[in-house]
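Listing of data_3.txt; format and content: compact mmCIF, N, CA and C atoms.
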# COMPACT_ATOMS: atom_id res chain seq x y z
N MET A 1 -1.15 8.48 3.22
CA MET A 1 -0.21 9.50 3.63
C MET A 1 -0.31 10.66 2.63
N ASP A 2 -0.37 11.85 3.18
CA ASP A 2 -0.32 13.02 2.31
C ASP A 2 1.01 13.74 2.52
N GLY A 3 1.21 14.81 1.78
CA GLY A 3 2.48 15.52 1.85
C GLY A 3 2.79 16.10 3.22
N GLY A 4 1.77 16.62 3.89
CA GLY A 4 1.98 17.20 5.22
C GLY A 4 2.39 16.15 6.23
N GLN A 5 1.77 14.98 6.17
CA GLN A 5 2.13 13.89 7.08
C GLN A 5 3.55 13.41 6.79
N CYS A 6 3.89 13.34 5.53
CA CYS A 6 5.24 12.94 5.14
C CYS A 6 6.26 13.90 5.74
N LYS A 7 6.00 15.19 5.59
CA LYS A 7 6.95 16.19 6.09
C LYS A 7 7.11 16.08 7.61
N GLN A 8 5.99 15.91 8.32
CA GLN A 8 6.07 15.79 9.78
C GLN A 8 6.95 14.62 10.19
N LEU A 9 6.72 13.48 9.58
CA LEU A 9 7.49 12.29 9.93
C LEU A 9 8.95 12.44 9.50
N ARG A 10 9.17 12.98 8.33
CA ARG A 10 10.53 13.19 7.83
C ARG A 10 11.32 14.08 8.77
N VAL A 11 10.70 15.16 9.21
CA VAL A 11 11.37 16.09 10.12
C VAL A 11 11.65 15.42 11.46
N LYS A 12 10.68 14.67 11.99
CA LYS A 12 10.88 13.97 13.27
C LYS A 12 12.04 12.98 13.18
N LEU A 13 12.20 12.37 12.03
CA LEU A 13 13.28 11.40 11.84
C LEU A 13 14.61 12.05 11.49
N GLY A 14 14.57 13.37 11.26
CA GLY A 14 15.81 14.09 10.95
C GLY A 14 16.32 13.83 9.54
N ILE A 15 15.40 13.56 8.62
CA ILE A 15 15.77 13.29 7.23
C ILE A 15 15.58 14.56 6.42
N LYS A 16 16.60 14.98 5.73
CA LYS A 16 16.48 16.16 4.88
C LYS A 16 15.66 15.82 3.65
N GLN A 17 14.94 16.82 3.19
CA GLN A 17 14.06 16.63 2.05
C GLN A 17 14.82 16.12 0.83
N VAL A 18 15.97 16.67 0.58
CA VAL A 18 16.74 16.27 -0.59
C VAL A 18 17.22 14.83 -0.47
N VAL A 19 17.50 14.38 0.74
CA VAL A 19 17.92 12.99 0.95
C VAL A 19 16.75 12.05 0.67
N LEU A 20 15.58 12.38 1.19
CA LEU A 20 14.40 11.56 0.93
C LEU A 20 14.12 11.50 -0.57
N ALA A 21 14.18 12.63 -1.24
CA ALA A 21 13.94 12.66 -2.68
C ALA A 21 14.96 11.80 -3.42
N TRP A 22 16.21 11.94 -3.09
CA TRP A 22 17.27 11.17 -3.74
C TRP A 22 17.08 9.67 -3.52
N ASP A 23 16.88 9.29 -2.26
CA ASP A 23 16.74 7.87 -1.93
C ASP A 23 15.50 7.24 -2.55
N CYS A 24 14.45 8.03 -2.75
CA CYS A 24 13.21 7.51 -3.32
C CYS A 24 13.11 7.79 -4.82
N GLN A 25 14.16 8.37 -5.40
CA GLN A 25 14.23 8.68 -6.83
C GLN A 25 13.06 9.55 -7.29
N ILE A 26 12.84 10.61 -6.52
CA ILE A 26 11.80 11.59 -6.84
C ILE A 26 12.47 12.95 -6.98
N ASP A 27 12.02 13.72 -7.94
CA ASP A 27 12.59 15.06 -8.13
C ASP A 27 12.39 15.88 -6.85
N PRO A 28 13.46 16.48 -6.32
CA PRO A 28 13.34 17.24 -5.07
C PRO A 28 12.30 18.36 -5.14
N ALA A 29 12.20 19.02 -6.27
CA ALA A 29 11.21 20.11 -6.40
C ALA A 29 9.79 19.55 -6.34
N THR A 30 9.58 18.40 -6.93
CA THR A 30 8.26 17.78 -6.90
C THR A 30 7.91 17.36 -5.48
N LEU A 31 8.86 16.78 -4.77
CA LEU A 31 8.64 16.39 -3.38
C LEU A 31 8.32 17.62 -2.53
N SER A 32 9.03 18.70 -2.74
CA SER A 32 8.79 19.93 -2.01
C SER A 32 7.38 20.45 -2.25
N ARG A 33 6.95 20.45 -3.49
CA ARG A 33 5.60 20.93 -3.82
C ARG A 33 4.54 20.00 -3.22
N TRP A 34 4.81 18.70 -3.21
CA TRP A 34 3.86 17.74 -2.64
C TRP A 34 3.73 17.96 -1.13
N GLU A 35 4.86 18.11 -0.45
CA GLU A 35 4.80 18.34 1.00
C GLU A 35 4.08 19.64 1.33
N ALA A 36 4.18 20.62 0.44
CA ALA A 36 3.52 21.91 0.66
C ALA A 36 2.06 21.90 0.22
N GLY A 37 1.62 20.81 -0.42
CA GLY A 37 0.23 20.71 -0.84
C GLY A 37 -0.06 21.29 -2.21
N PHE A 38 0.99 21.55 -2.99
CA PHE A 38 0.80 22.16 -4.31
C PHE A 38 0.95 21.19 -5.46
N ALA A 39 1.24 19.93 -5.18
CA ALA A 39 1.41 18.94 -6.25
C ALA A 39 0.91 17.60 -5.75
N ARG A 40 0.68 16.71 -6.69
CA ARG A 40 0.28 15.35 -6.35
C ARG A 40 1.35 14.40 -6.85
N LEU A 41 1.54 13.33 -6.11
CA LEU A 41 2.44 12.28 -6.54
C LEU A 41 1.62 11.09 -6.99
N ARG A 42 2.23 10.28 -7.84
CA ARG A 42 1.59 9.02 -8.22
C ARG A 42 1.57 8.12 -6.99
N GLN A 43 0.58 7.24 -6.94
CA GLN A 43 0.46 6.34 -5.79
C GLN A 43 1.72 5.49 -5.61
N THR A 44 2.34 5.11 -6.70
CA THR A 44 3.57 4.30 -6.59
C THR A 44 4.67 5.09 -5.89
N GLN A 45 4.75 6.39 -6.14
CA GLN A 45 5.74 7.23 -5.47
C GLN A 45 5.43 7.36 -3.98
N VAL A 46 4.16 7.52 -3.67
CA VAL A 46 3.76 7.60 -2.26
C VAL A 46 4.09 6.29 -1.54
N ASP A 47 3.86 5.17 -2.22
CA ASP A 47 4.17 3.88 -1.62
C ASP A 47 5.66 3.72 -1.36
N VAL A 48 6.49 4.21 -2.27
CA VAL A 48 7.95 4.15 -2.08
C VAL A 48 8.35 5.00 -0.87
N ILE A 49 7.80 6.20 -0.77
CA ILE A 49 8.10 7.07 0.36
C ILE A 49 7.64 6.44 1.67
N ARG A 50 6.44 5.89 1.68
CA ARG A 50 5.90 5.25 2.88
C ARG A 50 6.81 4.10 3.32
N GLY A 51 7.23 3.28 2.38
CA GLY A 51 8.12 2.17 2.70
C GLY A 51 9.46 2.64 3.24
N TYR A 52 10.00 3.68 2.63
CA TYR A 52 11.28 4.25 3.06
C TYR A 52 11.18 4.77 4.49
N LEU A 53 10.14 5.54 4.77
CA LEU A 53 9.98 6.11 6.11
C LEU A 53 9.70 5.02 7.14
N ALA A 54 8.95 4.00 6.77
CA ALA A 54 8.70 2.88 7.68
C ALA A 54 10.00 2.18 8.04
N GLN A 55 10.86 1.98 7.05
CA GLN A 55 12.15 1.33 7.30
C GLN A 55 13.00 2.19 8.24
N ARG A 56 13.00 3.48 8.02
CA ARG A 56 13.77 4.38 8.89
C ARG A 56 13.22 4.36 10.31
N LEU A 57 11.89 4.29 10.46
CA LEU A 57 11.29 4.20 11.79
C LEU A 57 11.75 2.93 12.50
N LEU A 58 11.77 1.82 11.78
CA LEU A 58 12.24 0.57 12.37
C LEU A 58 13.70 0.66 12.80
N GLU A 59 14.51 1.30 11.99
CA GLU A 59 15.92 1.47 12.32
C GLU A 59 16.09 2.29 13.61
N VAL A 60 15.30 3.36 13.72
CA VAL A 60 15.36 4.20 14.93
C VAL A 60 14.90 3.40 16.14
N ARG A 61 13.82 2.65 15.99
CA ARG A 61 13.33 1.82 17.09
C ARG A 61 14.39 0.81 17.53
N ASP A 62 15.03 0.18 16.57
CA ASP A 62 16.07 -0.80 16.89
C ASP A 62 17.24 -0.15 17.63
N GLU A 63 17.62 1.05 17.20
CA GLU A 63 18.69 1.77 17.88
C GLU A 63 18.30 2.12 19.31
N MET A 64 17.05 2.46 19.51
CA MET A 64 16.59 2.85 20.85
C MET A 64 16.52 1.65 21.80
N THR A 65 16.33 0.46 21.28
CA THR A 65 16.21 -0.71 22.13
C THR A 65 17.55 -1.39 22.41
N ARG A 66 18.61 -0.93 21.80
CA ARG A 66 19.94 -1.53 22.05
C ARG A 66 20.53 -1.01 23.31
Could you take the file, read its structure, and then write that structure out as structure tokens?
Amino acid sequence: MDGGQCKQLRVKLGIKQVVLAWDCQIDPATLSRWEAGFARLRQTQVDVIRGYLAQRLLEVRDEMTR
């Protein structure tokens, strides 16, 4: 996952950037620069974001099937 893919999925899920940063314990400015392609995150940070977004996707799917 790169920053652009993260932003696309985050926006589709209706998650604000600051909320994602807070929940994943990443500096909001760093997350913003990463999504814009101007910074790199450590792989561990990307893994945390990926896990967070995957969990949110599952929650949305579960809501849709109820």
Exercise. Pick out the residues sitting within 10 Å of Asp27 in chain A, and hand them over as a count of residues only; count only C-alpha atoms, and ignore anything fewer than 6 positions along from it in its own chain.
Key: 3
With DSSP run on the backbone, what are the helix (DSSP H, G or I) residues within chain A? I'd like them as a PDB file with N, CA and C atoms, keeping the file's coordinate frame.
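Output contents, as saved in result.pdb:
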ATOM      1  N   GLY A   3       1.210  14.810   1.780  1.00  0.00           N
ATOM      2  CA  GLY A   3       2.480  15.520   1.850  1.00  0.00           C
ATOM      3  C   GLY A   3       2.790  16.100   3.220  1.00  0.00           C
ATOM      4  N   GLY A   4       1.770  16.620   3.890  1.00  0.00           N
ATOM      5  CA  GLY A   4       1.980  17.200   5.220  1.00  0.00           C
ATOM      6  C   GLY A   4       2.390  16.150   6.230  1.00  0.00           C
ATOM      7  N   GLN A   5       1.770  14.980   6.170  1.00  0.00           N
ATOM      8  CA  GLN A   5       2.130  13.890   7.080  1.00  0.00           C
ATOM      9  C   GLN A   5       3.550  13.410   6.790  1.00  0.00           C
ATOM     10  N   CYS A   6       3.890  13.340   5.530  1.00  0.00           N
ATOM     11  CA  CYS A   6       5.240  12.940   5.140  1.00  0.00           C
ATOM     12  C   CYS A   6       6.260  13.900   5.740  1.00  0.00           C
ATOM     13  N   LYS A   7       6.000  15.190   5.590  1.00  0.00           N
ATOM     14  CA  LYS A   7       6.950  16.190   6.090  1.00  0.00           C
ATOM     15  C   LYS A   7       7.110  16.080   7.610  1.00  0.00           C
ATOM     16  N   GLN A   8       5.990  15.910   8.320  1.00  0.00           N
ATOM     17  CA  GLN A   8       6.070  15.790   9.780  1.00  0.00           C
ATOM     18  C   GLN A   8       6.950  14.620  10.190  1.00  0.00           C
ATOM     19  N   LEU A   9       6.720  13.480   9.580  1.00  0.00           N
ATOM     20  CA  LEU A   9       7.490  12.290   9.930  1.00  0.00           C
ATOM     21  C   LEU A   9       8.950  12.440   9.500  1.00  0.00           C
ATOM     22  N   ARG A  10       9.170  12.980   8.330  1.00  0.00           N
ATOM     23  CA  ARG A  10      10.530  13.190   7.830  1.00  0.00           C
ATOM     24  C   ARG A  10      11.320  14.080   8.770  1.00  0.00           C
ATOM     25  N   VAL A  11      10.700  15.160   9.210  1.00  0.00           N
ATOM     26  CA  VAL A  11      11.370  16.090  10.120  1.00  0.00           C
ATOM     27  C   VAL A  11      11.650  15.420  11.460  1.00  0.00           C
ATOM     28  N   LYS A  12      10.680  14.670  11.990  1.00  0.00           N
ATOM     29  CA  LYS A  12      10.880  13.970  13.270  1.00  0.00           C
ATOM     30  C   LYS A  12      12.040  12.980  13.180  1.00  0.00           C
ATOM     31  N   GLN A  17      14.940  16.820   3.190  1.00  0.00           N
ATOM     32  CA  GLN A  17      14.060  16.630   2.050  1.00  0.00           C
ATOM     33  C   GLN A  17      14.820  16.120   0.830  1.00  0.00           C
ATOM     34  N   VAL A  18      15.970  16.670   0.580  1.00  0.00           N
ATOM     35  CA  VAL A  18      16.740  16.270  -0.590  1.00  0.00           C
ATOM     36  C   VAL A  18      17.220  14.830  -0.470  1.00  0.00           C
ATOM     37  N   VAL A  19      17.500  14.380   0.740  1.00  0.00           N
ATOM     38  CA  VAL A  19      17.920  12.990   0.950  1.00  0.00           C
ATOM     39  C   VAL A  19      16.750  12.050   0.670  1.00  0.00           C
ATOM     40  N   LEU A  20      15.580  12.380   1.190  1.00  0.00           N
ATOM     41  CA  LEU A  20      14.400  11.560   0.930  1.00  0.00           C
ATOM     42  C   LEU A  20      14.120  11.500  -0.570  1.00  0.00           C
ATOM     43  N   ALA A  21      14.180  12.630  -1.240  1.00  0.00           N
ATOM     44  CA  ALA A  21      13.940  12.660  -2.680  1.00  0.00           C
ATOM     45  C   ALA A  21      14.960  11.800  -3.420  1.00  0.00           C
ATOM     46  N   TRP A  22      16.210  11.940  -3.090  1.00  0.00           N
ATOM     47  CA  TRP A  22      17.270  11.170  -3.740  1.00  0.00           C
ATOM     48  C   TRP A  22      17.080   9.670  -3.520  1.00  0.00           C
ATOM     49  N   ASP A  23      16.880   9.290  -2.260  1.00  0.00           N
ATOM     50  CA  ASP A  23      16.740   7.870  -1.930  1.00  0.00           C
ATOM     51  C   ASP A  23      15.500   7.240  -2.550  1.00  0.00           C
ATOM     52  N   PRO A  28      13.460  16.480  -6.320  1.00  0.00           N
ATOM     53  CA  PRO A  28      13.340  17.240  -5.070  1.00  0.00           C
ATOM     54  C   PRO A  28      12.300  18.360  -5.140  1.00  0.00           C
ATOM     55  N   ALA A  29      12.200  19.020  -6.270  1.00  0.00           N
ATOM     56  CA  ALA A  29      11.210  20.110  -6.400  1.00  0.00           C
ATOM     57  C   ALA A  29       9.790  19.550  -6.340  1.00  0.00           C
ATOM     58  N   THR A  30       9.580  18.400  -6.930  1.00  0.00           N
ATOM     59  CA  THR A  30       8.260  17.780  -6.900  1.00  0.00           C
ATOM     60  C   THR A  30       7.910  17.360  -5.480  1.00  0.00           C
ATOM     61  N   LEU A  31       8.860  16.780  -4.770  1.00  0.00           N
ATOM     62  CA  LEU A  31       8.640  16.390  -3.380  1.00  0.00           C
ATOM     63  C   LEU A  31       8.320  17.620  -2.530  1.00  0.00           C
ATOM     64  N   SER A  32       9.030  18.700  -2.740  1.00  0.00           N
ATOM     65  CA  SER A  32       8.790  19.930  -2.010  1.00  0.00           C
ATOM     66  C   SER A  32       7.380  20.450  -2.250  1.00  0.00           C
ATOM     67  N   ARG A  33       6.950  20.450  -3.490  1.00  0.00           N
ATOM     68  CA  ARG A  33       5.600  20.930  -3.820  1.00  0.00           C
ATOM     69  C   ARG A  33       4.540  20.000  -3.220  1.00  0.00           C
ATOM     70  N   TRP A  34       4.810  18.700  -3.210  1.00  0.00           N
ATOM     71  CA  TRP A  34       3.860  17.740  -2.640  1.00  0.00           C
ATOM     72  C   TRP A  34       3.730  17.960  -1.130  1.00  0.00           C
ATOM     73  N   GLU A  35       4.860  18.110  -0.450  1.00  0.00           N
ATOM     74  CA  GLU A  35       4.800  18.340   1.000  1.00  0.00           C
ATOM     75  C   GLU A  35       4.080  19.640   1.330  1.00  0.00           C
ATOM     76  N   GLN A  43       0.580   7.240  -6.940  1.00  0.00           N
ATOM     77  CA  GLN A  43       0.460   6.340  -5.790  1.00  0.00           C
ATOM     78  C   GLN A  43       1.720   5.490  -5.610  1.00  0.00           C
ATOM     79  N   THR A  44       2.340   5.110  -6.700  1.00  0.00           N
ATOM     80  CA  THR A  44       3.570   4.300  -6.590  1.00  0.00           C
ATOM     81  C   THR A  44       4.670   5.090  -5.890  1.00  0.00           C
ATOM     82  N   GLN A  45       4.750   6.390  -6.140  1.00  0.00           N
ATOM     83  CA  GLN A  45       5.740   7.230  -5.470  1.00  0.00           C
ATOM     84  C   GLN A  45       5.430   7.360  -3.980  1.00  0.00           C
ATOM     85  N   VAL A  46       4.160   7.520  -3.670  1.00  0.00           N
ATOM     86  CA  VAL A  46       3.760   7.600  -2.260  1.00  0.00           C
ATOM     87  C   VAL A  46       4.090   6.290  -1.540  1.00  0.00           C
ATOM     88  N   ASP A  47       3.860   5.170  -2.220  1.00  0.00           N
ATOM     89  CA  ASP A  47       4.170   3.880  -1.620  1.00  0.00           C
ATOM     90  C   ASP A  47       5.660   3.720  -1.360  1.00  0.00           C
ATOM     91  N   VAL A  48       6.490   4.210  -2.270  1.00  0.00           N
ATOM     92  CA  VAL A  48       7.950   4.150  -2.080  1.00  0.00           C
ATOM     93  C   VAL A  48       8.350   5.000  -0.870  1.00  0.00           C
ATOM     94  N   ILE A  49       7.800   6.200  -0.770  1.00  0.00           N
ATOM     95  CA  ILE A  49       8.100   7.070   0.360  1.00  0.00           C
ATOM     96  C   ILE A  49       7.640   6.440   1.670  1.00  0.00           C
ATOM     97  N   ARG A  50       6.440   5.890   1.680  1.00  0.00           N
ATOM     98  CA  ARG A  50       5.900   5.250   2.880  1.00  0.00           C
ATOM     99  C   ARG A  50       6.810   4.100   3.320  1.00  0.00           C
ATOM    100  N   GLY A  51       7.230   3.280   2.380  1.00  0.00           N
ATOM    101  CA  GLY A  51       8.120   2.170   2.700  1.00  0.00           C
ATOM    102  C   GLY A  51       9.460   2.640   3.240  1.00  0.00           C
ATOM    103  N   TYR A  52      10.000   3.680   2.630  1.00  0.00           N
ATOM    104  CA  TYR A  52      11.280   4.250   3.060  1.00  0.00           C
ATOM    105  C   TYR A  52      11.180   4.770   4.490  1.00  0.00           C
ATOM    106  N   LEU A  53      10.140   5.540   4.770  1.00  0.00           N
ATOM    107  CA  LEU A  53       9.980   6.110   6.110  1.00  0.00           C
ATOM    108  C   LEU A  53       9.700   5.020   7.140  1.00  0.00           C
ATOM    109  N   ALA A  54       8.950   4.000   6.770  1.00  0.00           N
ATOM    110  CA  ALA A  54       8.700   2.880   7.680  1.00  0.00           C
ATOM    111  C   ALA A  54      10.000   2.180   8.040  1.00  0.00           C
ATOM    112  N   GLN A  55      10.860   1.980   7.050  1.00  0.00           N
ATOM    113  CA  GLN A  55      12.150   1.330   7.300  1.00  0.00           C
ATOM    114  C   GLN A  55      13.000   2.190   8.240  1.00  0.00           C
ATOM    115  N   ARG A  56      13.000   3.480   8.020  1.00  0.00           N
ATOM    116  CA  ARG A  56      13.770   4.380   8.890  1.00  0.00           C
ATOM    117  C   ARG A  56      13.220   4.360  10.310  1.00  0.00           C
ATOM    118  N   LEU A  57      11.890   4.290  10.460  1.00  0.00           N
ATOM    119  CA  LEU A  57      11.290   4.200  11.790  1.00  0.00           C
ATOM    120  C   LEU A  57      11.750   2.930  12.500  1.00  0.00           C
ATOM    121  N   LEU A  58      11.770   1.820  11.780  1.00  0.00           N
ATOM    122  CA  LEU A  58      12.240   0.570  12.370  1.00  0.00           C
ATOM    123  C   LEU A  58      13.700   0.660  12.800  1.00  0.00           C
ATOM    124  N   GLU A  59      14.510   1.300  11.990  1.00  0.00           N
ATOM    125  CA  GLU A  59      15.920   1.470  12.320  1.00  0.00           C
ATOM    126  C   GLU A  59      16.090   2.290  13.610  1.00  0.00           C
ATOM    127  N   VAL A  60      15.300   3.360  13.720  1.00  0.00           N
ATOM    128  CA  VAL A  60      15.360   4.200  14.930  1.00  0.00           C
ATOM    129  C   VAL A  60      14.900   3.400  16.140  1.00  0.00           C
ATOM    130  N   ARG A  61      13.820   2.650  15.990  1.00  0.00           N
ATOM    131  CA  ARG A  61      13.330   1.820  17.090  1.00  0.00           C
ATOM    132  C   ARG A  61      14.390   0.810  17.530  1.00  0.00           C
ATOM    133  N   ASP A  62      15.030   0.180  16.570  1.00  0.00           N
ATOM    134  CA  ASP A  62      16.070  -0.800  16.890  1.00  0.00           C
ATOM    135  C   ASP A  62      17.240  -0.150  17.630  1.00  0.00           C
ATOM    136  N   GLU A  63      17.620   1.050  17.200  1.00  0.00           N
ATOM    137  CA  GLU A  63      18.690   1.770  17.880  1.00  0.00           C
ATOM    138  C   GLU A  63      18.300   2.120  19.310  1.00  0.00           C
ATOM    139  N   MET A  64      17.050   2.460  19.510  1.00  0.00           N
ATOM    140  CA  MET A  64      16.590   2.850  20.850  1.00  0.00           C
ATOM    141  C   MET A  64      16.520   1.650  21.800  1.00  0.00           C
ATOM    142  N   THR A  65      16.330   0.460  21.280  1.00  0.00           N
ATOM    143  CA  THR A  65      16.210  -0.710  22.130  1.00  0.00           C
ATOM    144  C   THR A  65      17.550  -1.390  22.410  1.00  0.00           C
TER     145      THR A  65
END
Practice problem: Find the residues around Gln45 in chain A up to 10 Å (only C-alpha atoms counted), leave out those fewer than 6 positions away in its own chain, and share them as a count of residues only. | Solution: 5
Quiz item: So how far away is CA of Gly4 in chain A from atom N of Gln17 in chain A, in Å?
Solution: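 Between these atoms lies a distance of 13.1 Å.
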Practice problem: May I ask for the distance between atom C of Gln55 in chain A and atom N of Glu35 in chain A, given in Å to one decimal place? | Solution: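 Between atom C of Gln55 in chain A and atom N of Glu35 in chain A the gap works out to 19.9 Å.
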Quiz item: Between atom N of Trp34 in chain A and CA of Gly3 in chain A, what is the distance, to one decimal in Å?
Solution: 6.4 Å
Quiz item: Taking (5.9, 20.8, 7.1) in the file's coordinates, which residues come within 12 Å, counting only C-alpha atoms, written as a PyMOL selection string?
Solution: chain A and resi 2-12+16-17+31-37
Range 7-19 of chain A rebuilt with N, CA, C and O atoms, output as a PDB file, in the frame of the given file:
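File written: rebuild.pdb
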ATOM      1  N   LYS A   7       6.000  15.190   5.590  1.00  0.00           N
ATOM      2  CA  LYS A   7       6.950  16.190   6.090  1.00  0.00           C
ATOM      3  C   LYS A   7       7.110  16.080   7.610  1.00  0.00           C
ATOM      4  O   LYS A   7       8.224  16.136   8.115  1.00  0.00           O
ATOM      5  N   GLN A   8       5.990  15.910   8.320  1.00  0.00           N
ATOM      6  CA  GLN A   8       6.070  15.790   9.780  1.00  0.00           C
ATOM      7  C   GLN A   8       6.950  14.620  10.190  1.00  0.00           C
ATOM      8  O   GLN A   8       7.816  14.757  11.053  1.00  0.00           O
ATOM      9  N   LEU A   9       6.720  13.480   9.580  1.00  0.00           N
ATOM     10  CA  LEU A   9       7.490  12.290   9.930  1.00  0.00           C
ATOM     11  C   LEU A   9       8.950  12.440   9.500  1.00  0.00           C
ATOM     12  O   LEU A   9       9.862  12.101  10.254  1.00  0.00           O
ATOM     13  N   ARG A  10       9.170  12.980   8.330  1.00  0.00           N
ATOM     14  CA  ARG A  10      10.530  13.190   7.830  1.00  0.00           C
ATOM     15  C   ARG A  10      11.320  14.080   8.770  1.00  0.00           C
ATOM     16  O   ARG A  10      12.465  13.772   9.133  1.00  0.00           O
ATOM     17  N   VAL A  11      10.700  15.160   9.210  1.00  0.00           N
ATOM     18  CA  VAL A  11      11.370  16.090  10.120  1.00  0.00           C
ATOM     19  C   VAL A  11      11.650  15.420  11.460  1.00  0.00           C
ATOM     20  O   VAL A  11      12.746  15.558  12.019  1.00  0.00           O
ATOM     21  N   LYS A  12      10.680  14.670  11.990  1.00  0.00           N
ATOM     22  CA  LYS A  12      10.880  13.970  13.270  1.00  0.00           C
ATOM     23  C   LYS A  12      12.040  12.980  13.180  1.00  0.00           C
ATOM     24  O   LYS A  12      12.754  12.772  14.164  1.00  0.00           O
ATOM     25  N   LEU A  13      12.200  12.370  12.030  1.00  0.00           N
ATOM     26  CA  LEU A  13      13.280  11.400  11.840  1.00  0.00           C
ATOM     27  C   LEU A  13      14.610  12.050  11.490  1.00  0.00           C
ATOM     28  O   LEU A  13      15.625  11.385  11.403  1.00  0.00           O
ATOM     29  N   GLY A  14      14.570  13.370  11.260  1.00  0.00           N
ATOM     30  CA  GLY A  14      15.810  14.090  10.950  1.00  0.00           C
ATOM     31  C   GLY A  14      16.320  13.830   9.540  1.00  0.00           C
ATOM     32  O   GLY A  14      17.519  13.900   9.290  1.00  0.00           O
ATOM     33  N   ILE A  15      15.400  13.560   8.620  1.00  0.00           N
ATOM     34  CA  ILE A  15      15.770  13.290   7.230  1.00  0.00           C
ATOM     35  C   ILE A  15      15.580  14.560   6.420  1.00  0.00           C
ATOM     36  O   ILE A  15      14.491  15.131   6.419  1.00  0.00           O
ATOM     37  N   LYS A  16      16.600  14.980   5.730  1.00  0.00           N
ATOM     38  CA  LYS A  16      16.480  16.160   4.880  1.00  0.00           C
ATOM     39  C   LYS A  16      15.660  15.820   3.650  1.00  0.00           C
ATOM     40  O   LYS A  16      15.671  14.698   3.153  1.00  0.00           O
ATOM     41  N   GLN A  17      14.940  16.820   3.190  1.00  0.00           N
ATOM     42  CA  GLN A  17      14.060  16.630   2.050  1.00  0.00           C
ATOM     43  C   GLN A  17      14.820  16.120   0.830  1.00  0.00           C
ATOM     44  O   GLN A  17      14.360  15.209   0.132  1.00  0.00           O
ATOM     45  N   VAL A  18      15.970  16.670   0.580  1.00  0.00           N
ATOM     46  CA  VAL A  18      16.740  16.270  -0.590  1.00  0.00           C
ATOM     47  C   VAL A  18      17.220  14.830  -0.470  1.00  0.00           C
ATOM     48  O   VAL A  18      17.296  14.102  -1.467  1.00  0.00           O
ATOM     49  N   VAL A  19      17.500  14.380   0.740  1.00  0.00           N
ATOM     50  CA  VAL A  19      17.920  12.990   0.950  1.00  0.00           C
ATOM     51  C   VAL A  19      16.750  12.050   0.670  1.00  0.00           C
ATOM     52  O   VAL A  19      16.910  11.017  -0.001  1.00  0.00           O
TER      53      VAL A  19
END
